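Asker: What follows is the file upload_23.csv, containing CSV, C-alpha atoms:
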```
chain,number,residue,atom,x,y,z
S,270,ALA,CA,89.4,66.7,113.1
S,271,VAL,CA,91.7,63.7,113.5
S,272,TRP,CA,94.2,65.8,115.6
S,273,GLY,CA,91.5,66.1,118.3
S,274,GLY,CA,92.7,66.4,121.9
S,275,ALA,CA,96.4,66.8,121.0
S,276,GLY,CA,95.9,70.5,120.4
S,277,GLY,CA,92.7,71.0,118.5
S,278,PRO,CA,92.2,73.3,115.5
S,279,ALA,CA,94.7,75.8,116.8
S,280,SER,CA,97.6,73.4,116.4
S,281,VAL,CA,96.5,72.5,112.9
S,282,LEU,CA,96.3,76.2,112.0
S,283,PHE,CA,99.8,76.7,113.4
S,284,ILE,CA,101.2,73.9,111.2
S,285,ASP,CA,99.4,75.5,108.2
S,286,ALA,CA,101.1,78.8,109.1
S,287,ALA,CA,104.5,77.1,109.3
S,288,SER,CA,104.0,75.8,105.8
S,289,TYR,CA,103.9,79.4,104.5
S,290,GLY,CA,107.3,79.9,106.3
S,291,VAL,CA,108.7,77.1,104.2
S,292,SER,CA,107.2,78.7,101.1
S,293,VAL,CA,109.1,81.9,101.9
S,294,VAL,CA,112.4,80.0,102.1
S,295,VAL,CA,111.7,78.3,98.7
S,296,LEU,CA,110.8,81.6,97.1
S,297,LEU,CA,114.0,83.3,98.3
S,298,ARG,CA,116.0,80.5,96.6
S,299,LEU,CA,114.5,81.2,93.2
S,300,ALA,CA,116.9,82.2,90.4
S,301,HIS,CA,117.2,85.8,89.6
S,302,VAL,CA,114.5,87.0,87.2
S,303,PRO,CA,115.7,89.5,84.5
S,304,GLN,CA,114.9,93.1,85.3
S,305,PRO,CA,114.7,96.1,82.9
S,306,GLU,CA,117.9,98.1,82.3
S,307,PRO,CA,118.4,101.1,84.6
S,308,GLY,CA,116.6,104.1,83.2
S,309,SER,CA,114.2,102.1,81.1
S,310,ARG,CA,111.6,101.4,83.8
S,311,PRO,CA,108.4,103.3,83.1
S,312,THR,CA,106.3,104.9,85.9
S,313,ILE,CA,103.7,102.8,87.7
S,314,ILE,CA,100.9,104.9,86.2
S,315,ARG,CA,102.1,104.1,82.7
S,316,ASP,CA,102.4,100.5,83.6
S,317,LEU,CA,98.8,100.4,84.8
S,318,ARG,CA,97.6,102.2,81.7
S,319,ASP,CA,99.5,100.0,79.3
S,320,GLY,CA,98.5,96.9,81.2
S,321,TRP,CA,94.8,97.9,81.1
S,322,GLU,CA,95.0,98.5,77.3
S,323,GLU,CA,96.6,95.1,76.8
S,324,PHE,CA,94.0,93.4,79.1
S,325,ARG,CA,90.9,95.0,77.6
S,326,SER,CA,92.0,94.5,74.0
S,327,ARG,CA,91.7,90.7,74.5
S,328,THR,CA,88.0,89.8,74.7
S,329,TRP,CA,88.6,86.3,75.9
S,330,LEU,CA,90.7,87.5,78.8
S,331,TRP,CA,88.2,90.0,80.3
S,332,LEU,CA,85.2,87.7,79.6
S,333,THR,CA,86.7,84.9,81.6
S,334,THR,CA,87.8,87.3,84.3
S,335,VAL,CA,84.2,88.7,84.6
S,336,GLN,CA,82.9,85.1,84.8
S,337,PHE,CA,85.2,84.2,87.6
S,338,ALA,CA,84.4,87.4,89.5
S,339,LEU,CA,80.8,86.3,89.5
S,340,PHE,CA,81.7,82.7,90.2
S,341,ASN,CA,83.7,83.7,93.3
S,342,ALA,CA,80.9,85.8,94.6
S,343,LEU,CA,77.9,83.6,93.9
S,344,VAL,CA,79.3,80.1,93.8
S,345,TRP,CA,82.6,79.6,95.6
S,346,ALA,CA,82.0,82.0,98.5
S,347,PRO,CA,78.7,80.4,99.5
S,348,TYR,CA,80.3,77.0,99.2
S,349,LEU,CA,83.1,78.1,101.7
S,350,VAL,CA,80.6,79.7,104.1
S,351,LEU,CA,77.6,77.4,103.9
S,352,GLY,CA,79.4,74.1,103.2
S,353,PRO,CA,80.6,73.7,106.8
S,354,VAL,CA,77.0,74.5,108.0
S,355,VAL,CA,75.6,71.7,105.8
S,356,ALA,CA,78.4,69.4,107.1
S,357,GLU,CA,77.5,70.2,110.7
S,358,HIS,CA,73.8,69.7,110.3
S,359,ARG,CA,73.6,66.9,107.8
S,360,LEU,CA,76.9,65.2,107.0
S,361,GLY,CA,78.6,64.6,110.4
S,362,GLY,CA,80.4,67.7,111.5
S,363,ALA,CA,84.0,68.9,111.1
S,364,GLY,CA,85.3,65.5,110.2
S,365,ALA,CA,82.9,65.3,107.3
S,366,TRP,CA,83.8,68.7,106.1
S,367,GLY,CA,87.5,67.7,106.3
S,368,LEU,CA,86.8,64.8,104.1
S,369,VAL,CA,85.0,67.0,101.5
S,370,LEU,CA,88.0,69.3,101.4
S,371,ALA,CA,90.4,66.4,101.2
S,372,ALA,CA,88.4,64.9,98.3
S,373,ASN,CA,88.5,68.3,96.5
S,374,SER,CA,92.3,68.4,96.9
S,375,ALA,CA,92.7,64.8,95.8
S,376,GLY,CA,90.7,65.6,92.6
S,377,SER,CA,93.0,68.6,92.0
S,378,ILE,CA,96.1,66.4,92.4
S,379,VAL,CA,94.7,63.8,90.0
S,380,GLY,CA,93.8,66.6,87.5
S,381,GLY,CA,97.3,67.9,87.6
S,382,LEU,CA,98.8,64.5,87.1
S,383,VAL,CA,96.5,63.7,84.2
S,384,LEU,CA,97.7,66.9,82.4
S,385,LEU,CA,101.4,66.1,82.8
S,386,GLY,CA,103.0,65.8,79.3
S,387,ARG,CA,99.8,66.4,77.5
S,388,LYS,CA,99.1,69.2,74.9
S,389,PRO,CA,95.4,69.3,74.1
S,390,ARG,CA,94.6,70.6,70.6
S,391,ARG,CA,92.0,73.0,72.0
S,392,PRO,CA,93.4,74.0,75.4
S,393,PHE,CA,91.3,77.2,75.9
S,394,LEU,CA,88.1,75.5,75.0
S,395,LEU,CA,88.9,72.6,77.3
S,396,SER,CA,89.8,75.0,80.1
S,397,VAL,CA,86.3,76.5,79.9
S,398,VAL,CA,84.6,73.1,79.7
S,399,ALA,CA,86.5,71.9,82.8
S,400,THR,CA,84.8,74.7,84.9
S,401,PHE,CA,81.6,72.7,84.7
S,402,GLY,CA,83.3,70.7,87.5
S,403,TYR,CA,82.4,73.6,89.9
S,404,VAL,CA,78.7,72.7,89.5
S,405,PHE,CA,78.9,69.4,91.3
S,406,THR,CA,79.9,70.3,94.9
S,407,PRO,CA,77.3,73.0,95.6
S,408,ALA,CA,74.6,70.9,93.8
S,409,LEU,CA,75.4,67.8,96.0
S,410,LEU,CA,75.6,70.0,99.1
S,411,ALA,CA,72.1,71.3,98.3
S,412,SER,CA,70.8,67.8,97.9
S,413,ASN,CA,70.0,65.2,100.6
S,414,LEU,CA,72.6,62.7,99.4
S,415,ALA,CA,75.0,61.2,101.8
S,416,LEU,CA,78.7,62.2,102.5
S,417,PRO,CA,80.3,59.7,100.0
S,418,PHE,CA,78.4,61.3,97.2
S,419,VAL,CA,79.3,64.8,98.3
S,420,CYS,CA,83.0,63.8,98.5
S,421,ALA,CA,82.8,62.3,95.0
S,422,ALA,CA,81.3,65.6,93.7
S,423,ALA,CA,84.1,67.5,95.5
S,424,ALA,CA,86.7,65.3,93.8
S,425,VAL,CA,85.1,66.1,90.4
S,426,THR,CA,85.2,69.8,91.3
S,427,GLY,CA,88.9,69.7,92.2
S,428,PHE,CA,89.7,67.8,89.0
S,429,GLY,CA,87.9,70.3,86.8
S,430,GLY,CA,89.4,73.2,88.7
S,431,ALA,CA,93.0,72.0,88.3
S,432,VAL,CA,92.6,71.2,84.6
S,433,GLY,CA,90.8,74.5,83.9
S,434,GLN,CA,93.3,76.6,85.8
S,435,ALA,CA,96.4,74.9,84.3
S,436,LEU,CA,95.2,75.2,80.8
S,437,ASP,CA,94.0,78.8,81.2
S,438,ASN,CA,97.4,79.8,82.6
S,439,THR,CA,99.1,78.0,79.7
S,440,VAL,CA,97.0,79.8,77.1
S,441,THR,CA,97.6,83.1,78.8
S,442,GLN,CA,101.4,82.6,78.8
S,443,LYS,CA,101.4,81.6,75.2
S,444,ARG,CA,99.2,84.4,73.9
S,445,VAL,CA,100.4,87.3,76.0
S,446,PRO,CA,103.8,89.0,75.3
S,447,VAL,CA,106.2,88.4,78.2
S,448,GLU,CA,106.8,92.1,78.8
S,449,VAL,CA,103.1,92.7,79.8
S,450,LEU,CA,102.3,89.3,81.2
S,451,GLY,CA,102.7,90.4,84.8
S,452,ARG,CA,100.4,93.4,84.4
S,453,ILE,CA,97.7,91.4,82.6
S,454,THR,CA,97.9,88.6,85.3
S,455,ALA,CA,97.5,91.3,87.9
S,456,TYR,CA,94.3,92.6,86.3
S,457,GLN,CA,93.1,89.1,85.9
S,458,THR,CA,93.6,88.3,89.6
S,459,LEU,CA,92.2,91.5,90.8
S,460,GLY,CA,89.1,91.2,88.7
S,461,ALA,CA,88.5,87.5,89.4
S,462,PHE,CA,88.7,87.9,93.2
S,463,ALA,CA,87.3,91.5,93.6
S,464,LEU,CA,83.8,90.3,94.4
S,465,GLY,CA,84.9,87.4,96.6
S,466,PRO,CA,84.9,89.3,99.9
S,467,LEU,CA,81.4,90.6,99.1
S,468,GLY,CA,80.3,87.0,98.4
S,469,LEU,CA,81.6,85.9,101.8
S,470,VAL,CA,79.6,88.7,103.5
S,471,ILE,CA,76.3,88.0,101.8
S,472,ALA,CA,76.5,84.2,101.8
S,473,GLY,CA,75.2,83.9,105.4
S,474,PRO,CA,72.4,86.4,105.2
S,475,LEU,CA,71.2,85.2,101.8
S,476,GLY,CA,71.4,81.6,103.0
S,477,SER,CA,69.3,82.4,106.0
S,478,ALA,CA,66.8,84.4,103.9
S,479,PHE,CA,66.3,81.9,101.0
S,480,GLY,CA,67.5,78.7,102.6
S,481,ILE,CA,71.0,77.2,102.6
S,482,GLY,CA,70.1,74.5,100.1
S,483,ALA,CA,68.3,76.9,97.8
S,484,PHE,CA,71.2,79.3,97.7
S,485,LEU,CA,73.7,76.5,97.0
S,486,ALA,CA,71.5,75.2,94.3
S,487,PHE,CA,71.3,78.6,92.8
S,488,GLY,CA,75.1,78.7,92.7
S,489,ALA,CA,75.2,75.4,90.9
S,490,VAL,CA,72.7,76.5,88.3
S,491,PHE,CA,74.4,79.9,87.9
S,492,GLN,CA,77.7,78.2,87.2
S,493,PHE,CA,76.2,75.8,84.7
S,494,ALA,CA,74.5,78.6,82.9
S,495,THR,CA,77.5,81.0,82.7
S,496,VAL,CA,79.8,78.2,81.4
S,497,ALA,CA,77.3,77.3,78.8
S,498,LEU,CA,77.0,81.0,77.8
S,499,MET,CA,80.8,81.2,77.5
S,500,LEU,CA,80.9,78.2,75.3
S,501,ALA,CA,78.3,79.8,73.0
S,502,LEU,CA,80.5,82.8,72.4
S,503,PRO,CA,82.5,82.7,69.1
S,504,THR,CA,85.5,84.4,70.8
S,505,VAL,CA,85.8,81.5,73.2
S,506,ARG,CA,85.1,78.7,70.8
S,507,HIS,CA,87.5,79.9,68.1
S,508,LEU,CA,90.4,81.2,70.1
S,509,ASP,CA,92.4,78.0,69.8
S,510,MET,CA,92.1,78.2,66.0
S,511,GLU,CA,93.5,81.7,65.8
S,512,ASP,CA,97.2,82.7,65.5
S,513,GLU,CA,98.9,83.5,68.8
S,514,ASP,CA,99.3,87.2,69.7
S,515,LEU,CA,103.0,86.9,70.4
S,516,SER,CA,105.3,88.4,67.9
S,517,GLU,CA,107.8,85.7,69.0
S,518,PRO,CA,105.8,82.7,70.1
S,519,SER,CA,108.8,81.0,71.8
S,520,ASP,CA,109.4,84.0,74.1
S,521,THR,CA,107.8,82.6,77.2
S,522,VAL,CA,108.6,83.6,80.8
S,523,VAL,CA,110.2,80.2,81.6
S,524,GLU,CA,112.4,80.3,78.5
S,525,THR,CA,113.4,84.0,79.2
S,526,VAL,CA,114.6,83.0,82.7
S,527,ILE,CA,116.4,79.9,81.5
S,528,GLU,CA,118.1,81.9,78.7
S,529,ASP,CA,119.1,84.6,81.2
S,530,GLU,CA,120.6,82.0,83.6
S,531,ALA,CA,122.3,79.9,80.9
S,532,PRO,CA,126.1,80.1,80.5
S,533,VAL,CA,127.1,82.2,77.5
S,534,SER,CA,129.0,80.3,74.8
S,535,PRO,CA,130.6,81.8,71.7
S,536,PRO,CA,128.4,81.5,68.7
S,537,SER,CA,129.3,78.8,66.1
S,538,PRO,CA,130.0,79.9,62.6
S,539,SER,CA,126.9,79.8,60.3
S,540,PRO,CA,126.2,80.6,56.7
S,541,ALA,CA,125.1,84.2,56.1
S,542,SER,CA,121.3,84.4,55.8
S,543,SER,CA,119.7,85.9,52.7
S,544,GLY,CA,117.0,87.7,54.6
S,545,GLY,CA,117.2,91.2,56.1
```
Starting from the file, give its structure as structure tokens.
Answerer:
Amino acid sequence: AVWGGAGGPASVLFIDAASYGVSVVVLLRLAHVPQPEPGSRPTIIRDLRDGWEEFRSRTWLWLTTVQFALFNALVWAPYLVLGPVVAEHRLGGAGAWGLVLAANSAGSIVGGLVLLGRKPRRPFLLSVVATFGYVFTPALLASNLALPFVCAAAAVTGFGGAVGQALDNTVTQKRVPVEVLGRITAYQTLGAFALGPLGLVIAGPLGSAFGIGAFLAFGAVFQFATVALMLALPTVRHLDMEDEDLSEPSDTVVETVIEDEAPVSPPSPSPASSGG
């Protein structure tokens, strides 16, 4: 919106596209990630089957994935489609919507900074509680409150989203064996976003049929209810108090890569252990 006559939205989108080019360069410079030995790689069908077994055997994983699938369809997609319409009709146009998105991003950055160096005692429970933050933006967009209040709500949403996602990813990496982490993450991502395109399609027609404010308010209530339901489930409340699933808890992805890249030094002499 600020760019204005210098090129309009097209130039902004071009800059955005160029940023992805920078990302490609950065990804190409990543250190080599360890790969299976030749001849030990299973077939893709076996990978999919084993990954599914690992995924569905963890109730907390598939429950949160189902929750986010419904969230993306009924809360986030309507926010993305109908939010700009509310901004155009009530908040001041494209510039106002840009401020809402900027406030969301600012909240995300603050959430990430707040988590740096912290290790909550109940990370999974806190990650679920943090998703209450997604209630605020659709609720304020559905109201008649002015732009500053909507921006404040967007900042809370961004903060909660960053905290929830970071902690959820941390718990997943701690509780899932490194050899199946990629497959489980793939099922998580596919499940969480599978209904998103449908949500984008139906947001406009349902907003027209029931009213934009009413549909956004429904999304806010739906998110609040589903998070409250998740918190009521013992498998969610008690996960942090259970032993981790990993046979070797220190065997995380990061440590695996670091160990693979580290120079090899001769082992120092040590007393013989008495165990087998």
Asker: Contacts of S:Thr328 at 12 Å or less, counting only C-alpha atoms, minus same-chain residues fewer than 3 places along, as an MDAnalysis selection string?
Answerer: chainID S and resid 322:325 331:335 499 502:505 507:508
Asker: For S:Ala422, which residue among S:Asn373, S:Gln457, S:Ser477, S:Ser396 is the nearest when counting all atoms listed in the file?
Answerer: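 Nearest to S:Ala422: S:Asn373.
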Asker: Record the distance separating atom CA of S:Gly433 and atom CA of S:Ala399, expressed in Å with one decimal.
Answerer: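 Result for atom CA of S:Gly433 versus atom CA of S:Ala399: 5.1 Å, one decimal.
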Asker: Calculate how many Å separate atom CA of S:Ala489 from atom CA of S:Trp366, rounding to one decimal.
Answerer: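 Between these atoms lies a distance of 18.7 Å.
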